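Listing of start.pdb, PDB, C-alpha atoms, pLDDT in the B column
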ATOM      1  CA  MET A1204      -7.957 -10.944  83.313  1.00 52.00           C
ATOM      2  CA  LEU A1205     -10.258  -8.629  85.262  1.00 52.00           C
ATOM      3  CA  THR A1206      -9.215  -5.674  83.124  1.00 57.00           C
ATOM      4  CA  ARG A1207     -10.199  -7.627  80.038  1.00 54.00           C
ATOM      5  CA  HIS A1208     -13.483  -8.603  81.710  1.00 54.00           C
ATOM      6  CA  PHE A1209     -14.433  -5.046  82.672  1.00 56.00           C
ATOM      7  CA  ARG A1210     -12.966  -3.330  79.600  1.00 63.00           C
ATOM      8  CA  HIS A1211     -13.891  -5.762  76.902  1.00 67.00           C
ATOM      9  CA  GLU A1212     -13.528  -5.076  73.233  1.00 73.00           C
ATOM     10  CA  PRO A1213     -16.106  -6.799  71.052  1.00 75.00           C
ATOM     11  CA  ARG A1214     -14.509  -8.719  68.196  1.00 80.00           C
ATOM     12  CA  LEU A1215     -16.245  -6.674  65.498  1.00 86.00           C
ATOM     13  CA  LYS A1216     -13.595  -7.034  62.787  1.00 89.00           C
ATOM     14  CA  ALA A1217     -13.297 -10.786  63.350  1.00 89.00           C
ATOM     15  CA  GLY A1218     -17.083 -11.086  63.430  1.00 90.00           C
ATOM     16  CA  ARG A1219     -17.407  -9.356  60.068  1.00 92.00           C
ATOM     17  CA  GLU A1220     -14.711 -11.550  58.525  1.00 92.00           C
ATOM     18  CA  LEU A1221     -16.235 -14.717  59.962  1.00 93.00           C
ATOM     19  CA  ALA A1222     -19.785 -13.776  58.948  1.00 93.00           C
ATOM     20  CA  ARG A1223     -18.740 -13.841  55.287  1.00 93.00           C
ATOM     21  CA  MET A1224     -17.697 -17.479  55.373  1.00 92.00           C
ATOM     22  CA  ALA A1225     -18.869 -19.236  58.561  1.00 95.00           C
ATOM     23  CA  HIS A1226     -21.581 -21.864  58.453  1.00 94.00           C
ATOM     24  CA  ALA A1227     -22.549 -20.705  61.949  1.00 94.00           C
ATOM     25  CA  LEU A1228     -21.300 -18.013  64.349  1.00 94.00           C
ATOM     26  CA  ILE A1229     -22.113 -17.229  67.989  1.00 93.00           C
ATOM     27  CA  ASP A1230     -20.573 -15.240  70.840  1.00 91.00           C
ATOM     28  CA  ILE A1231     -19.493 -17.267  73.874  1.00 89.00           C
ATOM     29  CA  SER A1232     -20.566 -14.841  76.573  1.00 85.00           C
ATOM     30  CA  ASP A1233     -22.306 -17.663  78.482  1.00 88.00           C
ATOM     31  CA  GLY A1234     -19.432 -20.116  78.192  1.00 89.00           C
ATOM     32  CA  LEU A1235     -17.798 -22.033  75.374  1.00 93.00           C
ATOM     33  CA  VAL A1236     -19.480 -25.404  75.980  1.00 93.00           C
ATOM     34  CA  HIS A1237     -22.917 -23.896  76.560  1.00 93.00           C
ATOM     35  CA  GLU A1238     -22.758 -21.790  73.411  1.00 94.00           C
ATOM     36  CA  ALA A1239     -21.336 -24.697  71.384  1.00 95.00           C
ATOM     37  CA  GLY A1240     -24.410 -26.649  72.498  1.00 95.00           C
ATOM     38  CA  LEU A1241     -26.716 -23.925  71.215  1.00 95.00           C
ATOM     39  CA  LEU A1242     -24.828 -23.797  67.920  1.00 94.00           C
ATOM     40  CA  ALA A1243     -24.920 -27.604  67.586  1.00 96.00           C
ATOM     41  CA  GLU A1244     -28.643 -27.773  68.392  1.00 96.00           C
ATOM     42  CA  ALA A1245     -29.551 -25.044  65.902  1.00 95.00           C
ATOM     43  CA  SER A1246     -27.380 -26.649  63.207  1.00 95.00           C
ATOM     44  CA  GLY A1247     -28.369 -30.277  63.821  1.00 96.00           C
ATOM     45  CA  VAL A1248     -24.775 -31.428  64.362  1.00 96.00           C
ATOM     46  CA  ARG A1249     -22.392 -32.561  67.086  1.00 97.00           C
ATOM     47  CA  MET A1250     -19.601 -30.243  68.185  1.00 96.00           C
ATOM     48  CA  VAL A1251     -16.499 -32.137  69.328  1.00 97.00           C
ATOM     49  CA  LEU A1252     -14.329 -29.804  71.394  1.00 96.00           C
ATOM     50  CA  ASP A1253     -10.802 -30.589  72.566  1.00 96.00           C
ATOM     51  CA  ALA A1254     -10.100 -28.970  75.942  1.00 94.00           C
ATOM     52  CA  GLY A1255      -6.375 -29.179  75.204  1.00 94.00           C
ATOM     53  CA  MET A1256      -6.883 -26.722  72.343  1.00 95.00           C
ATOM     54  CA  PHE A1257      -8.785 -24.080  74.353  1.00 92.00           C
ATOM     55  CA  PRO A1258      -6.992 -20.712  74.496  1.00 89.00           C
ATOM     56  CA  ILE A1259      -6.035 -20.087  78.127  1.00 88.00           C
ATOM     57  CA  HIS A1260      -5.420 -16.590  79.472  1.00 84.00           C
ATOM     58  CA  PRO A1261      -2.307 -16.580  81.732  1.00 88.00           C
ATOM     59  CA  SER A1262      -4.365 -15.272  84.679  1.00 86.00           C
ATOM     60  CA  ALA A1263      -6.714 -18.236  84.379  1.00 86.00           C
ATOM     61  CA  LYS A1264      -3.859 -20.544  85.366  1.00 89.00           C
ATOM     62  CA  ALA A1265      -3.682 -18.823  88.752  1.00 90.00           C
ATOM     63  CA  LEU A1266      -7.449 -18.456  89.147  1.00 89.00           C
ATOM     64  CA  ALA A1267      -8.501 -22.042  88.378  1.00 89.00           C
ATOM     65  CA  PRO A1268      -6.953 -23.650  91.505  1.00 92.00           C
ATOM     66  CA  ARG A1269      -8.585 -20.998  93.697  1.00 91.00           C
ATOM     67  CA  LEU A1270     -11.941 -21.979  92.183  1.00 90.00           C
ATOM     68  CA  LYS A1271     -11.084 -25.689  92.605  1.00 91.00           C
ATOM     69  CA  VAL A1272     -11.432 -26.438  88.902  1.00 90.00           C
ATOM     70  CA  SER A1273      -8.983 -27.320  86.179  1.00 91.00           C
ATOM     71  CA  VAL A1274      -7.885 -24.509  83.882  1.00 91.00           C
ATOM     72  CA  GLU A1275      -9.570 -26.371  81.008  1.00 92.00           C
ATOM     73  CA  GLU A1276     -12.866 -26.562  82.912  1.00 91.00           C
ATOM     74  CA  LEU A1277     -12.649 -22.844  83.633  1.00 90.00           C
ATOM     75  CA  ALA A1278     -12.073 -22.149  79.926  1.00 88.00           C
ATOM     76  CA  ALA A1279     -14.974 -24.431  78.998  1.00 90.00           C
ATOM     77  CA  SER A1280     -17.530 -22.960  81.363  1.00 87.00           C
ATOM     78  CA  SER A1281     -16.645 -19.367  82.163  1.00 84.00           C
ATOM     79  CA  GLY A1282     -18.388 -16.584  80.335  1.00 76.00           C
ATOM     80  CA  GLU A1283     -18.075 -12.922  79.495  1.00 70.00           C
ATOM     81  CA  GLU A1284     -14.953 -13.369  77.373  1.00 73.00           C
ATOM     82  CA  TYR A1285     -16.568 -11.561  74.446  1.00 78.00           C
ATOM     83  CA  GLU A1286     -15.086 -14.066  72.047  1.00 88.00           C
ATOM     84  CA  LEU A1287     -16.642 -15.804  69.062  1.00 93.00           C
ATOM     85  CA  LEU A1288     -17.226 -19.441  68.134  1.00 94.00           C
ATOM     86  CA  ALA A1289     -17.610 -20.220  64.449  1.00 95.00           C
ATOM     87  CA  SER A1290     -18.078 -23.275  62.309  1.00 95.00           C
ATOM     88  CA  LEU A1291     -15.973 -22.792  59.179  1.00 95.00           C
ATOM     89  CA  PRO A1292     -16.000 -24.714  55.914  1.00 94.00           C
ATOM     90  CA  ARG A1293     -13.546 -27.592  55.640  1.00 91.00           C
ATOM     91  CA  GLY A1294     -10.083 -26.363  54.670  1.00 93.00           C
ATOM     92  CA  LYS A1295     -10.362 -22.895  56.244  1.00 94.00           C
ATOM     93  CA  SER A1296      -8.291 -23.621  59.388  1.00 91.00           C
ATOM     94  CA  ALA A1297      -5.164 -21.974  57.970  1.00 93.00           C
ATOM     95  CA  TRP A1298      -7.203 -18.885  57.009  1.00 93.00           C
ATOM     96  CA  ALA A1299      -8.488 -18.618  60.596  1.00 92.00           C
ATOM     97  CA  MET A1300      -5.117 -19.203  62.258  1.00 93.00           C
ATOM     98  CA  LYS A1301      -3.433 -16.532  60.085  1.00 93.00           C
ATOM     99  CA  ARG A1302      -5.924 -14.094  61.620  1.00 91.00           C
ATOM    100  CA  GLY A1303      -5.096 -15.115  65.196  1.00 90.00           C
ATOM    101  CA  MET A1304      -8.116 -17.375  65.633  1.00 92.00           C
ATOM    102  CA  LYS A1305      -7.836 -20.693  67.461  1.00 93.00           C
ATOM    103  CA  ILE A1306      -9.156 -24.072  66.367  1.00 95.00           C
ATOM    104  CA  VAL A1307     -10.844 -25.760  69.361  1.00 95.00           C
ATOM    105  CA  GLY A1308     -12.587 -28.702  67.761  1.00 96.00           C
ATOM    106  CA  LEU A1309     -14.610 -29.963  64.849  1.00 95.00           C
ATOM    107  CA  VAL A1310     -18.127 -30.642  63.649  1.00 96.00           C
ATOM    108  CA  ALA A1311     -19.304 -34.243  63.383  1.00 96.00           C
ATOM    109  CA  LYS A1312     -22.445 -36.228  62.660  1.00 96.00           C
ATOM    110  CA  GLY A1313     -24.736 -36.535  65.630  1.00 97.00           C
ATOM    111  CA  ARG A1314     -26.192 -34.127  68.153  1.00 96.00           C
ATOM    112  CA  GLY A1315     -24.953 -32.113  71.117  1.00 95.00           C
ATOM    113  CA  VAL A1316     -21.471 -31.366  72.400  1.00 95.00           C
ATOM    114  CA  MET A1317     -18.674 -33.717  73.334  1.00 95.00           C
ATOM    115  CA  VAL A1318     -15.614 -32.334  75.113  1.00 94.00           C
ATOM    116  CA  THR A1319     -12.443 -34.386  75.227  1.00 94.00           C
ATOM    117  CA  GLY A1320      -9.702 -33.758  77.760  1.00 91.00           C
ATOM    118  CA  LEU A1321     -11.848 -32.574  80.696  1.00 86.00           C
ATOM    119  CA  GLN A1322     -11.773 -34.211  84.118  1.00 75.00           C
ATOM    120  CA  LYS A1323     -15.498 -33.497  84.643  1.00 65.00           C
ATOM    121  CA  LYS A1324     -17.938 -34.760  82.033  1.00 52.00           C
ATOM    122  CA  SER A1325     -20.275 -31.797  82.305  1.00 50.00           C
ATOM    123  CA  PRO A1326     -18.819 -28.374  83.103  1.00 51.00           C
ATOM    124  CA  SER A1327     -21.185 -25.987  84.813  1.00 51.00           C
ATOM    125  CA  VAL A1328     -22.593 -23.234  82.646  1.00 48.00           C
ATOM    126  CA  PHE A1329     -24.475 -20.025  83.272  1.00 45.00           C
ATOM    127  CA  ASN A1330     -27.927 -19.581  81.796  1.00 46.00           C
ATOM    128  CA  HIS A1331     -29.570 -16.146  81.914  1.00 45.00           C
ATOM    129  CA  PHE A1332     -33.035 -17.696  81.676  1.00 41.00           C
ATOM    130  CA  ARG A1333     -32.975 -20.027  84.706  1.00 46.00           C
TER     131      ARG A1333
END
Can the structure in the file be given as structure tokens, please?
Amino acid sequence: MLTRHFRHEPRLKAGRELARMAHALIDISDGLVHEAGLLAEASGVRMVLDAGMFPIHPSAKALAPRLKVSVEELAASSGEEYELLASLPRGKSAWAMKRGMKIVGLVAKGRGVMVTGLQKKSPSVFNHFR
């Protein structure tokens, strides 16, 4: 996990592919839930994320207990993964999964972010501007 953190590879190819069809696209360098909130706010929608669908790096399973958080909370709030979060048109899930992308939730009417499957209601997030 540390190797990936220090020797990250930006998802340029995926970003280019997603940019051609995504309604919205953002990197999650400040944490999945935080960035989903920014995407939801800018788009005027609610993002409903399912913590059970978050991709979990094998090393995170060992790290989470040491940090006294669930592995899902770690996935929701950690940053610097250099991954992308996109809102795709309805019916494009199969297209995304064929390219190794993961579906972590859906867009709904409303505002903000709702995360199902987390023990804590509000995972901590990092904000560069605080």
**Prompt:** Leaving out Glu1220 (chain A) and any residue of its chain fewer than 3 positions from it, which residues lie within 12 Å of it when counting all atoms listed in the file, given as a PyMOL selection string?
**Reply:** chain A and resi 1214-1217+1223-1225+1228+1287+1289+1291+1298-1299+1302+1304
Requested write-out: C-alpha atoms of the selected residues, as a PDB file, in the frame of the given file:
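And here's selection-v4.pdb as it stands now:
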ATOM      1  CA  ARG A1214     -14.509  -8.719  68.196  1.00 80.00           C
ATOM      2  CA  LEU A1215     -16.245  -6.674  65.498  1.00 86.00           C
ATOM      3  CA  LYS A1216     -13.595  -7.034  62.787  1.00 89.00           C
ATOM      4  CA  ALA A1217     -13.297 -10.786  63.350  1.00 89.00           C
ATOM      5  CA  ARG A1223     -18.740 -13.841  55.287  1.00 93.00           C
ATOM      6  CA  MET A1224     -17.697 -17.479  55.373  1.00 92.00           C
ATOM      7  CA  ALA A1225     -18.869 -19.236  58.561  1.00 95.00           C
ATOM      8  CA  LEU A1228     -21.300 -18.013  64.349  1.00 94.00           C
ATOM      9  CA  LEU A1287     -16.642 -15.804  69.062  1.00 93.00           C
ATOM     10  CA  ALA A1289     -17.610 -20.220  64.449  1.00 95.00           C
ATOM     11  CA  LEU A1291     -15.973 -22.792  59.179  1.00 95.00           C
ATOM     12  CA  TRP A1298      -7.203 -18.885  57.009  1.00 93.00           C
ATOM     13  CA  ALA A1299      -8.488 -18.618  60.596  1.00 92.00           C
ATOM     14  CA  ARG A1302      -5.924 -14.094  61.620  1.00 91.00           C
ATOM     15  CA  MET A1304      -8.116 -17.375  65.633  1.00 92.00           C
TER      16      MET A1304
END
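If you look at CA of Ala1279 (chain A) and CA of Ala1243 (chain A), they are 15.5 Å away from each other.
The residues caught by the PyMOL selection byres ((chain A and resi 1264) around 12) in this file are Met1204, Pro1258, Ile1259, His1260, Pro1261, Ser1262, Ala1263, Ala1265, Leu1266, Ala1267, Pro1268, Arg1269, Leu1270, Lys1271, Val1272, Ser1273, Val1274, Glu1275, Glu1276, Leu1277 and Ala1278 of chain A.
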With C-alpha atoms retained, write the just-selected residues as a compact mmCIF listing (two decimals), in the coordinates of the input.
# COMPACT_ATOMS: atom_id res chain seq x y z
CA MET A 1204 -7.96 -10.94 83.31
CA PRO A 1258 -6.99 -20.71 74.50
CA ILE A 1259 -6.04 -20.09 78.13
CA HIS A 1260 -5.42 -16.59 79.47
CA PRO A 1261 -2.31 -16.58 81.73
CA SER A 1262 -4.36 -15.27 84.68
CA ALA A 1263 -6.71 -18.24 84.38
CA ALA A 1265 -3.68 -18.82 88.75
CA LEU A 1266 -7.45 -18.46 89.15
CA ALA A 1267 -8.50 -22.04 88.38
CA PRO A 1268 -6.95 -23.65 91.50
CA ARG A 1269 -8.59 -21.00 93.70
CA LEU A 1270 -11.94 -21.98 92.18
CA LYS A 1271 -11.08 -25.69 92.60
CA VAL A 1272 -11.43 -26.44 88.90
CA SER A 1273 -8.98 -27.32 86.18
CA VAL A 1274 -7.88 -24.51 83.88
CA GLU A 1275 -9.57 -26.37 81.01
CA GLU A 1276 -12.87 -26.56 82.91
CA LEU A 1277 -12.65 -22.84 83.63
CA ALA A 1278 -12.07 -22.15 79.93
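CA of Glu1244 (chain A) is positioned 9.0 Å from CA of Val1316 (chain A).
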Expected axis-aligned box over every listed atom of region 1222-1228 of chain A, 4 Å added per side, centre plus edges in Å to one decimal, as AutoDock Vina command-line options:
--center_x -20.1 --center_y -17.8 --center_z 59.8 --size_x 12.9 --size_y 16.1 --size_z 17.1
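Reported to one decimal place, the separation of CA of Thr1319 (chain A) from CA of Arg1219 (chain A) is 29.7 Å.
Counting all atoms listed in the file and comparing A:Phe1257, A:Ala1222, A:Gly1234, A:Gly1247, the residue that lies closest to Leu1321 (chain A) is A:Phe1257.
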Please list as a CSV table (one decimal) with C-alpha atoms, in the frame of the given file every residue within 9 Å of Gly1240 (chain A), counting all atoms listed in the file and excluding residues in the same chain fewer than 4 positions away.
chain,number,residue,atom,x,y,z
A,1235,LEU,CA,-17.8,-22.0,75.4
A,1236,VAL,CA,-19.5,-25.4,76.0
A,1244,GLU,CA,-28.6,-27.8,68.4
A,1245,ALA,CA,-29.6,-25.0,65.9
A,1249,ARG,CA,-22.4,-32.6,67.1
A,1250,MET,CA,-19.6,-30.2,68.2
A,1314,ARG,CA,-26.2,-34.1,68.2
A,1315,GLY,CA,-25.0,-32.1,71.1
A,1316,VAL,CA,-21.5,-31.4,72.4
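Distance annotation: of A:Ser1280, A:Asp1230, A:Met1256, A:Val1251, the residue with the minimal separation from Val1307 (chain A) is A:Met1256; atom set is all atoms listed in the file.
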Answer key for the PyMOL selection byres ((chain A and resi 1282) around 6), residues as an mmCIF file with C-alpha atoms, in the coordinates of the input:
data_model
loop_
_atom_site.group_PDB
_atom_site.id
_atom_site.type_symbol
_atom_site.label_atom_id
_atom_site.label_comp_id
_atom_site.auth_asym_id
_atom_site.auth_seq_id
_atom_site.Cartn_x
_atom_site.Cartn_y
_atom_site.Cartn_z
ATOM 1 C CA SER A 1232 -20.566 -14.841 76.573
ATOM 2 C CA ASP A 1233 -22.306 -17.663 78.482
ATOM 3 C CA GLY A 1234 -19.432 -20.116 78.192
ATOM 4 C CA SER A 1281 -16.645 -19.367 82.163
ATOM 5 C CA GLU A 1283 -18.075 -12.922 79.495
ATOM 6 C CA GLU A 1284 -14.953 -13.369 77.373
#
Show me that you can extract region 1250-1276 of chain A, keeping N, CA, C and O atoms, and write it as an mmCIF file, in the first residue's frame.
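Written file, decode.cif:
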data_model
loop_
_atom_site.group_PDB
_atom_site.id
_atom_site.type_symbol
_atom_site.label_atom_id
_atom_site.label_comp_id
_atom_site.auth_asym_id
_atom_site.auth_seq_id
_atom_site.Cartn_x
_atom_site.Cartn_y
_atom_site.Cartn_z
ATOM 1 N N MET A 1250 -25.466 11.758 -3.752
ATOM 2 C CA MET A 1250 -24.673 10.568 -4.057
ATOM 3 C C MET A 1250 -24.957 9.559 -2.942
ATOM 4 O O MET A 1250 -24.770 9.876 -1.761
ATOM 5 N N VAL A 1251 -25.406 8.385 -3.307
ATOM 6 C CA VAL A 1251 -25.666 7.311 -2.349
ATOM 7 C C VAL A 1251 -24.585 6.262 -2.553
ATOM 8 O O VAL A 1251 -24.557 5.571 -3.573
ATOM 9 N N LEU A 1252 -23.663 6.195 -1.602
ATOM 10 C CA LEU A 1252 -22.534 5.267 -1.688
ATOM 11 C C LEU A 1252 -22.777 4.064 -0.794
ATOM 12 O O LEU A 1252 -23.312 4.207 0.305
ATOM 13 N N ASP A 1253 -22.367 2.904 -1.241
ATOM 14 C CA ASP A 1253 -22.506 1.666 -0.481
ATOM 15 C C ASP A 1253 -21.115 1.217 -0.053
ATOM 16 O O ASP A 1253 -20.316 0.764 -0.883
ATOM 17 N N ALA A 1254 -20.824 1.344 1.239
ATOM 18 C CA ALA A 1254 -19.488 1.004 1.748
ATOM 19 C C ALA A 1254 -19.118 -0.443 1.441
ATOM 20 O O ALA A 1254 -17.935 -0.757 1.293
ATOM 21 N N GLY A 1255 -20.084 -1.314 1.317
ATOM 22 C CA GLY A 1255 -19.811 -2.708 0.985
ATOM 23 C C GLY A 1255 -19.298 -2.904 -0.434
ATOM 24 O O GLY A 1255 -18.786 -3.963 -0.774
ATOM 25 N N MET A 1256 -19.419 -1.873 -1.256
ATOM 26 C CA MET A 1256 -18.963 -1.955 -2.647
ATOM 27 C C MET A 1256 -17.612 -1.260 -2.859
ATOM 28 O O MET A 1256 -17.075 -1.292 -3.959
ATOM 29 N N PHE A 1257 -17.071 -0.625 -1.815
ATOM 30 C CA PHE A 1257 -15.801 0.084 -1.957
ATOM 31 C C PHE A 1257 -14.677 -0.907 -2.257
ATOM 32 O O PHE A 1257 -14.559 -1.934 -1.583
ATOM 33 N N PRO A 1258 -13.824 -0.606 -3.232
ATOM 34 C CA PRO A 1258 -12.649 -1.462 -3.457
ATOM 35 C C PRO A 1258 -11.714 -1.343 -2.250
ATOM 36 O O PRO A 1258 -11.454 -0.231 -1.784
ATOM 37 N N ILE A 1259 -11.252 -2.448 -1.751
ATOM 38 C CA ILE A 1259 -10.385 -2.457 -0.563
ATOM 39 C C ILE A 1259 -9.044 -3.084 -0.928
ATOM 40 O O ILE A 1259 -8.993 -4.233 -1.358
ATOM 41 N N HIS A 1260 -7.976 -2.323 -0.763
ATOM 42 C CA HIS A 1260 -6.632 -2.848 -0.989
ATOM 43 C C HIS A 1260 -6.326 -3.858 0.121
ATOM 44 O O HIS A 1260 -6.667 -3.620 1.285
ATOM 45 N N PRO A 1261 -5.711 -5.003 -0.186
ATOM 46 C CA PRO A 1261 -5.424 -6.005 0.848
ATOM 47 C C PRO A 1261 -4.675 -5.440 2.061
ATOM 48 O O PRO A 1261 -4.943 -5.835 3.198
ATOM 49 N N SER A 1262 -3.770 -4.509 1.861
ATOM 50 C CA SER A 1262 -3.026 -3.929 2.986
ATOM 51 C C SER A 1262 -3.921 -3.117 3.909
ATOM 52 O O SER A 1262 -3.627 -2.963 5.086
ATOM 53 N N ALA A 1263 -5.010 -2.592 3.374
ATOM 54 C CA ALA A 1263 -5.921 -1.794 4.193
ATOM 55 C C ALA A 1263 -6.583 -2.650 5.266
ATOM 56 O O ALA A 1263 -6.902 -2.160 6.351
ATOM 57 N N LYS A 1264 -6.756 -3.932 4.986
ATOM 58 C CA LYS A 1264 -7.367 -4.832 5.963
ATOM 59 C C LYS A 1264 -6.497 -4.971 7.207
ATOM 60 O O LYS A 1264 -7.008 -5.130 8.309
ATOM 61 N N ALA A 1265 -5.194 -4.899 7.042
ATOM 62 C CA ALA A 1265 -4.282 -4.963 8.184
ATOM 63 C C ALA A 1265 -4.125 -3.595 8.848
ATOM 64 O O ALA A 1265 -3.952 -3.500 10.058
ATOM 65 N N LEU A 1266 -4.193 -2.543 8.056
ATOM 66 C CA LEU A 1266 -3.978 -1.191 8.573
ATOM 67 C C LEU A 1266 -5.168 -0.668 9.370
ATOM 68 O O LEU A 1266 -4.986 -0.011 10.403
ATOM 69 N N ALA A 1267 -6.376 -0.940 8.936
ATOM 70 C CA ALA A 1267 -7.571 -0.383 9.574
ATOM 71 C C ALA A 1267 -7.639 -0.652 11.076
ATOM 72 O O ALA A 1267 -7.860 0.285 11.858
ATOM 73 N N PRO A 1268 -7.430 -1.887 11.549
ATOM 74 C CA PRO A 1268 -7.488 -2.117 13.001
ATOM 75 C C PRO A 1268 -6.426 -1.320 13.779
ATOM 76 O O PRO A 1268 -6.677 -0.872 14.896
ATOM 77 N N ARG A 1269 -5.275 -1.128 13.171
ATOM 78 C CA ARG A 1269 -4.219 -0.350 13.835
ATOM 79 C C ARG A 1269 -4.633 1.112 13.990
ATOM 80 O O ARG A 1269 -4.218 1.788 14.915
ATOM 81 N N LEU A 1270 -5.465 1.588 13.058
ATOM 82 C CA LEU A 1270 -5.961 2.962 13.116
ATOM 83 C C LEU A 1270 -7.271 3.071 13.901
ATOM 84 O O LEU A 1270 -7.823 4.156 14.045
ATOM 85 N N LYS A 1271 -7.770 1.917 14.366
ATOM 86 C CA LYS A 1271 -9.017 1.828 15.130
ATOM 87 C C LYS A 1271 -10.223 2.324 14.334
ATOM 88 O O LYS A 1271 -11.071 3.051 14.847
ATOM 89 N N VAL A 1272 -10.254 1.919 13.064
ATOM 90 C CA VAL A 1272 -11.392 2.208 12.196
ATOM 91 C C VAL A 1272 -11.732 0.939 11.420
ATOM 92 O O VAL A 1272 -10.903 0.041 11.309
ATOM 93 N N SER A 1273 -12.937 0.900 10.899
ATOM 94 C CA SER A 1273 -13.288 -0.234 10.041
ATOM 95 C C SER A 1273 -12.600 -0.054 8.694
ATOM 96 O O SER A 1273 -12.239 1.063 8.301
ATOM 97 N N VAL A 1274 -12.422 -1.144 7.974
ATOM 98 C CA VAL A 1274 -11.781 -1.070 6.663
ATOM 99 C C VAL A 1274 -12.632 -0.224 5.716
ATOM 100 O O VAL A 1274 -12.112 0.507 4.880
ATOM 101 N N GLU A 1275 -13.951 -0.269 5.880
ATOM 102 C CA GLU A 1275 -14.838 0.543 5.044
ATOM 103 C C GLU A 1275 -14.675 2.037 5.356
ATOM 104 O O GLU A 1275 -14.682 2.862 4.448
ATOM 105 N N GLU A 1276 -14.527 2.364 6.640
ATOM 106 C CA GLU A 1276 -14.316 3.771 7.003
ATOM 107 C C GLU A 1276 -12.986 4.274 6.446
ATOM 108 O O GLU A 1276 -12.894 5.401 5.962
#
